[in-house]
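For reference, the structure is listed below as structure tokens.
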Amino acid sequence: MQPPPVRHTIMQGLRLLLTCACLLAGLPAQAQGVELATLQTARAEGALNLEFSARVSLPKAVEDALQRGVPIYFVAEAQLLRSRWYWRDERVARVSRSWRVAYQPLTGAWKLSLGGLNQTYHTLSEALATASRSAGWKLADLAALEAGDKGYYVQFSYRLDTTQLPGPMQFGLGSLGDKGDWAVGVSQVIKVEP
């Protein structure tokens with residue numbers, strides 16, 4: 001027995017609506033976050049180096065805080081691991097790097113700090129472009145890697161570090177997994193070629 005034509009049309013409409021909802025669920029709500037353009041390892045001068053570049057798109061809330069003089073911090077972390085079948089993977093090396101981006105209202109300039117080095121930029125996009133890439137970042141000495149072992153891989157993450165925000169701003173951010181507009185970051189695992 002076939003359903004009446006009206007009921008059949010409603011079912012088709014519901015299927016179409018469900019399909020559209022599934023497709024839209026995979027898209028980000030806003031164009032914000034971090035997209036890795038490149039992430040690779042390279043061997044040079046007796047060391048295994050990490051190179052990465054990312055495209056950062058800040059949410060409106062983060063940009064507003066920056067315009068009001070609140071500095072934000074980006075953190076890149078990488079771990080070199082060797083896989084083992086009999087135990088947990090062995091951590092060979094771990095490195096971290098932090099960038100501070102702040103707006104200077106009196107000069108209208110953007111200040112980027114990495115360790116003790118400071119650089120001034122005219123626009124936020126220029127400062128973010130510098131804060132979201134690194135080349136020749138030493139991950140480990142090649143002597144620490146066993147020759148011929150193909151089980152090495154790198155766990156990499158780049159994120160906006162909300163733990164370094166001023167205390168009162170951290171109250172509304174919620175738990176570690178629920179930061180709303182402030183959840184800007186990316187992580188990826190790559191294999192190290194022998």
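Note on naming: chains are A, B, ... as they come in the structure tokens, residues start from 1 per chain, ligands start from 1 in the order shown.
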
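Within 9 Å of region 79-93 of chain A there are A:Glu77, A:Val95, A:Ser96, A:Leu139, A:Ala140, A:Ala144, A:Leu145, A:Asp149, A:Lys150, A:Gly151, A:Tyr152, A:Tyr153, A:Val154, A:Gln155, A:Phe156, A:Val192, counting only C-alpha atoms and ignoring same-chain residues fewer than 2 positions away.
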
Just all heavy atoms for this one: save the residues we selected as a short mmCIF file (atom, residue, chain, number, x, y, z; two decimals), in the first residue's frame.
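The file below, selection.cif, is the result:
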```cif
data_model
loop_
_atom_site.label_atom_id
_atom_site.label_comp_id
_atom_site.auth_asym_id
_atom_site.auth_seq_id
_atom_site.Cartn_x
_atom_site.Cartn_y
_atom_site.Cartn_z
N GLU A 77 53.16 23.93 20.46
CA GLU A 77 53.80 22.85 21.20
C GLU A 77 54.00 21.67 20.26
O GLU A 77 53.13 21.37 19.45
CB GLU A 77 52.93 22.41 22.38
CG GLU A 77 52.70 23.50 23.39
CD GLU A 77 51.73 23.11 24.48
OE1 GLU A 77 50.83 22.28 24.23
OE2 GLU A 77 51.85 23.65 25.58
N VAL A 95 59.00 20.50 22.83
CA VAL A 95 59.35 21.91 22.75
C VAL A 95 58.08 22.74 22.74
O VAL A 95 57.01 22.27 22.37
CB VAL A 95 60.20 22.22 21.48
CG1 VAL A 95 61.57 21.59 21.57
CG2 VAL A 95 59.49 21.78 20.22
N SER A 96 58.23 23.99 23.16
CA SER A 96 57.09 24.90 23.21
C SER A 96 57.58 26.30 22.90
O SER A 96 58.71 26.66 23.24
CB SER A 96 56.47 24.85 24.62
OG SER A 96 55.40 25.74 24.70
N LEU A 139 63.77 20.67 17.10
CA LEU A 139 62.92 19.74 17.84
C LEU A 139 63.78 18.76 18.65
O LEU A 139 63.50 18.50 19.82
CB LEU A 139 62.00 18.99 16.86
CG LEU A 139 60.96 18.07 17.42
CD1 LEU A 139 60.06 18.78 18.40
CD2 LEU A 139 60.11 17.50 16.29
N ALA A 140 64.82 18.21 18.03
CA ALA A 140 65.69 17.25 18.73
C ALA A 140 67.00 17.11 17.97
O ALA A 140 67.09 17.41 16.78
CB ALA A 140 65.00 15.89 18.83
N ALA A 144 69.75 11.68 19.04
CA ALA A 144 68.74 11.10 19.93
C ALA A 144 67.81 10.13 19.20
O ALA A 144 67.10 9.35 19.84
CB ALA A 144 67.91 12.21 20.57
N LEU A 145 67.83 10.14 17.87
CA LEU A 145 66.99 9.24 17.08
C LEU A 145 67.79 8.01 16.69
O LEU A 145 68.95 8.11 16.31
CB LEU A 145 66.50 9.94 15.81
CG LEU A 145 65.38 10.96 16.00
CD1 LEU A 145 65.94 12.30 16.41
CD2 LEU A 145 64.61 11.10 14.73
N ASP A 149 65.07 3.63 12.34
CA ASP A 149 63.77 3.44 12.99
C ASP A 149 62.73 4.30 12.29
O ASP A 149 62.90 5.51 12.14
CB ASP A 149 63.86 3.80 14.47
CG ASP A 149 62.65 3.33 15.27
OD1 ASP A 149 61.66 2.91 14.64
OD2 ASP A 149 62.70 3.40 16.50
N LYS A 150 61.64 3.69 11.86
CA LYS A 150 60.59 4.41 11.13
C LYS A 150 59.40 4.75 12.01
O LYS A 150 58.39 5.23 11.52
CB LYS A 150 60.11 3.56 9.95
CG LYS A 150 61.20 3.28 8.95
CD LYS A 150 60.69 2.43 7.83
CE LYS A 150 61.81 2.13 6.86
NZ LYS A 150 61.40 1.29 5.76
N GLY A 151 59.50 4.54 13.30
CA GLY A 151 58.37 4.72 14.19
C GLY A 151 58.27 6.09 14.85
O GLY A 151 57.55 6.24 15.83
N TYR A 152 58.97 7.09 14.35
CA TYR A 152 58.91 8.42 14.96
C TYR A 152 57.78 9.25 14.36
O TYR A 152 57.53 9.20 13.16
CB TYR A 152 60.24 9.16 14.76
CG TYR A 152 61.37 8.58 15.55
CD1 TYR A 152 62.29 7.72 14.96
CD2 TYR A 152 61.52 8.88 16.90
CE1 TYR A 152 63.34 7.18 15.69
CE2 TYR A 152 62.55 8.34 17.64
CZ TYR A 152 63.45 7.50 17.03
OH TYR A 152 64.49 6.96 17.76
N TYR A 153 57.12 10.01 15.21
CA TYR A 153 56.09 10.93 14.74
C TYR A 153 56.05 12.15 15.65
O TYR A 153 56.55 12.15 16.77
CB TYR A 153 54.73 10.24 14.67
CG TYR A 153 54.18 9.75 15.99
CD1 TYR A 153 53.26 10.51 16.71
CD2 TYR A 153 54.56 8.52 16.51
CE1 TYR A 153 52.75 10.05 17.92
CE2 TYR A 153 54.05 8.06 17.71
CZ TYR A 153 53.14 8.84 18.40
OH TYR A 153 52.65 8.38 19.60
N VAL A 154 55.43 13.22 15.14
CA VAL A 154 55.36 14.49 15.86
C VAL A 154 53.90 14.82 16.13
O VAL A 154 53.07 14.80 15.22
CB VAL A 154 56.01 15.64 15.05
CG1 VAL A 154 55.82 16.98 15.74
CG2 VAL A 154 57.47 15.36 14.80
N GLN A 155 53.58 15.11 17.39
CA GLN A 155 52.27 15.65 17.77
C GLN A 155 52.44 17.16 17.89
O GLN A 155 53.24 17.63 18.70
CB GLN A 155 51.79 15.08 19.10
CG GLN A 155 51.36 13.65 19.05
CD GLN A 155 50.87 13.17 20.41
OE1 GLN A 155 51.10 13.77 21.44
NE2 GLN A 155 50.19 12.04 20.38
N PHE A 156 51.70 17.91 17.09
CA PHE A 156 51.84 19.36 17.04
C PHE A 156 50.51 20.02 17.38
O PHE A 156 49.44 19.55 16.96
CB PHE A 156 52.29 19.79 15.63
CG PHE A 156 52.34 21.27 15.45
CD1 PHE A 156 53.43 22.00 15.92
CD2 PHE A 156 51.32 21.94 14.82
CE1 PHE A 156 53.48 23.37 15.76
CE2 PHE A 156 51.36 23.32 14.65
CZ PHE A 156 52.45 24.03 15.12
N VAL A 192 57.55 11.22 10.94
CA VAL A 192 58.91 11.69 10.61
C VAL A 192 59.52 10.69 9.65
O VAL A 192 59.61 9.50 9.96
CB VAL A 192 59.76 11.81 11.89
CG1 VAL A 192 61.20 12.18 11.53
CG2 VAL A 192 59.16 12.82 12.84
#
```

- Item | alpha helix (DSSP H) call set, DSSP backbone run, region 28-168 of chain A, as a ChimeraX atom specification | /A:60-67,124-131,167-168

Can I get the selected residues back with all heavy atoms, as a tab-separated table (two decimals), in the first residue's frame?
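Output contents, as saved in out_36.tsv:
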```tsv
chain	number	residue	atom	x	y	z
A	60	LYS	N	35.36	37.78	16.56
A	60	LYS	CA	35.09	39.19	16.88
A	60	LYS	C	35.41	39.49	18.35
A	60	LYS	O	35.97	40.54	18.66
A	60	LYS	CB	33.62	39.51	16.59
A	60	LYS	CG	33.23	40.93	16.81
A	60	LYS	CD	33.46	41.74	15.58
A	60	LYS	CE	32.84	43.12	15.76
A	60	LYS	NZ	33.83	44.16	15.89
A	61	ALA	N	35.08	38.58	19.27
A	61	ALA	CA	35.33	38.82	20.70
A	61	ALA	C	36.82	38.98	20.98
A	61	ALA	O	37.22	39.82	21.79
A	61	ALA	CB	34.75	37.68	21.52
A	62	VAL	N	37.65	38.19	20.32
A	62	VAL	CA	39.09	38.26	20.53
A	62	VAL	C	39.64	39.57	19.95
A	62	VAL	O	40.46	40.25	20.57
A	62	VAL	CB	39.81	37.04	19.92
A	62	VAL	CG1	41.31	37.14	20.08
A	62	VAL	CG2	39.28	35.75	20.54
A	63	GLU	N	39.18	39.94	18.76
A	63	GLU	CA	39.63	41.20	18.15
A	63	GLU	C	39.22	42.39	18.99
A	63	GLU	O	39.99	43.35	19.14
A	63	GLU	CB	39.09	41.32	16.73
A	63	GLU	CG	39.83	40.47	15.73
A	63	GLU	CD	39.49	40.81	14.30
A	63	GLU	OE1	39.15	41.98	14.01
A	63	GLU	OE2	39.56	39.90	13.46
A	64	ASP	N	38.00	42.36	19.55
A	64	ASP	CA	37.54	43.46	20.41
A	64	ASP	C	38.43	43.58	21.65
A	64	ASP	O	38.78	44.69	22.06
A	64	ASP	CB	36.09	43.24	20.84
A	64	ASP	CG	35.11	43.48	19.70
A	64	ASP	OD1	35.51	44.07	18.67
A	64	ASP	OD2	33.93	43.08	19.84
A	65	ALA	N	38.78	42.45	22.25
A	65	ALA	CA	39.66	42.48	23.43
A	65	ALA	C	41.02	43.05	23.06
A	65	ALA	O	41.60	43.85	23.81
A	65	ALA	CB	39.80	41.08	24.01
A	66	LEU	N	41.55	42.67	21.90
A	66	LEU	CA	42.83	43.20	21.45
A	66	LEU	C	42.77	44.71	21.25
A	66	LEU	O	43.68	45.44	21.64
A	66	LEU	CB	43.25	42.53	20.14
A	66	LEU	CG	43.98	41.22	20.24
A	66	LEU	CD1	44.07	40.54	18.89
A	66	LEU	CD2	45.36	41.43	20.81
A	67	GLN	N	41.70	45.20	20.63
A	67	GLN	CA	41.54	46.64	20.39
A	67	GLN	C	41.47	47.42	21.69
A	67	GLN	O	41.82	48.60	21.74
A	67	GLN	CB	40.28	46.91	19.56
A	67	GLN	CG	40.35	46.42	18.14
A	67	GLN	CD	41.26	47.26	17.27
A	67	GLN	OE1	41.61	48.38	17.60
A	67	GLN	NE2	41.64	46.71	16.14
A	124	LEU	N	47.17	44.29	12.40
A	124	LEU	CA	47.02	43.04	13.14
A	124	LEU	C	47.34	41.84	12.24
A	124	LEU	O	47.95	40.88	12.68
A	124	LEU	CB	45.60	42.92	13.70
A	124	LEU	CG	45.24	41.62	14.38
A	124	LEU	CD1	46.15	41.36	15.57
A	124	LEU	CD2	43.78	41.63	14.81
A	125	SER	N	46.94	41.90	10.98
A	125	SER	CA	47.19	40.77	10.08
A	125	SER	C	48.68	40.52	9.89
A	125	SER	O	49.12	39.38	9.78
A	125	SER	CB	46.49	40.98	8.74
A	125	SER	OG	46.97	42.15	8.11
A	126	GLU	N	49.49	41.58	9.85
A	126	GLU	CA	50.94	41.41	9.74
A	126	GLU	C	51.51	40.74	10.99
A	126	GLU	O	52.36	39.85	10.90
A	126	GLU	CB	51.64	42.76	9.54
A	126	GLU	CG	51.37	43.40	8.20
A	126	GLU	CD	51.95	44.81	8.12
A	126	GLU	OE1	52.35	45.38	9.17
A	126	GLU	OE2	52.01	45.36	7.01
A	127	ALA	N	51.04	41.16	12.16
A	127	ALA	CA	51.51	40.57	13.42
A	127	ALA	C	51.11	39.10	13.52
A	127	ALA	O	51.91	38.26	13.92
A	127	ALA	CB	50.97	41.36	14.60
A	128	LEU	N	49.86	38.79	13.13
A	128	LEU	CA	49.40	37.41	13.18
A	128	LEU	C	50.15	36.53	12.18
A	128	LEU	O	50.39	35.35	12.46
A	128	LEU	CB	47.90	37.33	12.93
A	128	LEU	CG	47.00	37.84	14.04
A	128	LEU	CD1	45.54	37.77	13.62
A	128	LEU	CD2	47.23	37.08	15.32
A	129	ALA	N	50.49	37.08	11.03
A	129	ALA	CA	51.23	36.30	10.04
A	129	ALA	C	52.59	35.88	10.58
A	129	ALA	O	53.06	34.76	10.34
A	129	ALA	CB	51.39	37.10	8.75
A	130	THR	N	53.23	36.75	11.34
A	130	THR	CA	54.52	36.42	11.92
A	130	THR	C	54.38	35.47	13.11
A	130	THR	O	55.20	34.57	13.31
A	130	THR	CB	55.25	37.70	12.36
A	130	THR	OG1	55.37	38.56	11.23
A	130	THR	CG2	56.63	37.40	12.91
A	131	ALA	N	53.31	35.65	13.90
A	131	ALA	CA	53.09	34.81	15.09
A	131	ALA	C	52.59	33.41	14.75
A	131	ALA	O	52.51	32.57	15.63
A	131	ALA	CB	52.10	35.49	16.02
A	167	GLY	N	42.96	37.53	34.85
A	167	GLY	CA	42.08	36.70	35.67
A	167	GLY	C	40.59	36.94	35.48
A	167	GLY	O	39.83	35.99	35.28
A	168	PRO	N	40.11	38.19	35.54
A	168	PRO	CA	38.67	38.41	35.38
A	168	PRO	C	38.10	37.95	34.03
A	168	PRO	O	36.95	37.56	33.94
A	168	PRO	CB	38.53	39.93	35.52
A	168	PRO	CG	39.72	40.35	36.31
A	168	PRO	CD	40.81	39.41	35.92
```

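The gap separating CA of Arg55 (chain A) from CA of Ala37 (chain A) is 6.8 Å, in Å to one decimal.
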
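Distance annotation: of A:Ala135, A:Val34, A:Val70, A:Ala102, the residue with the minimal separation from Leu58 (chain A) is A:Val34; atom set is only C-alpha atoms.
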
- Item | Residue set, region 35-172 of chain A restricted to strand (DSSP E), as a ChimeraX atom specification | /A:35-44,47-57,72-82,90-104,109-114,117-121,133-141,152-160
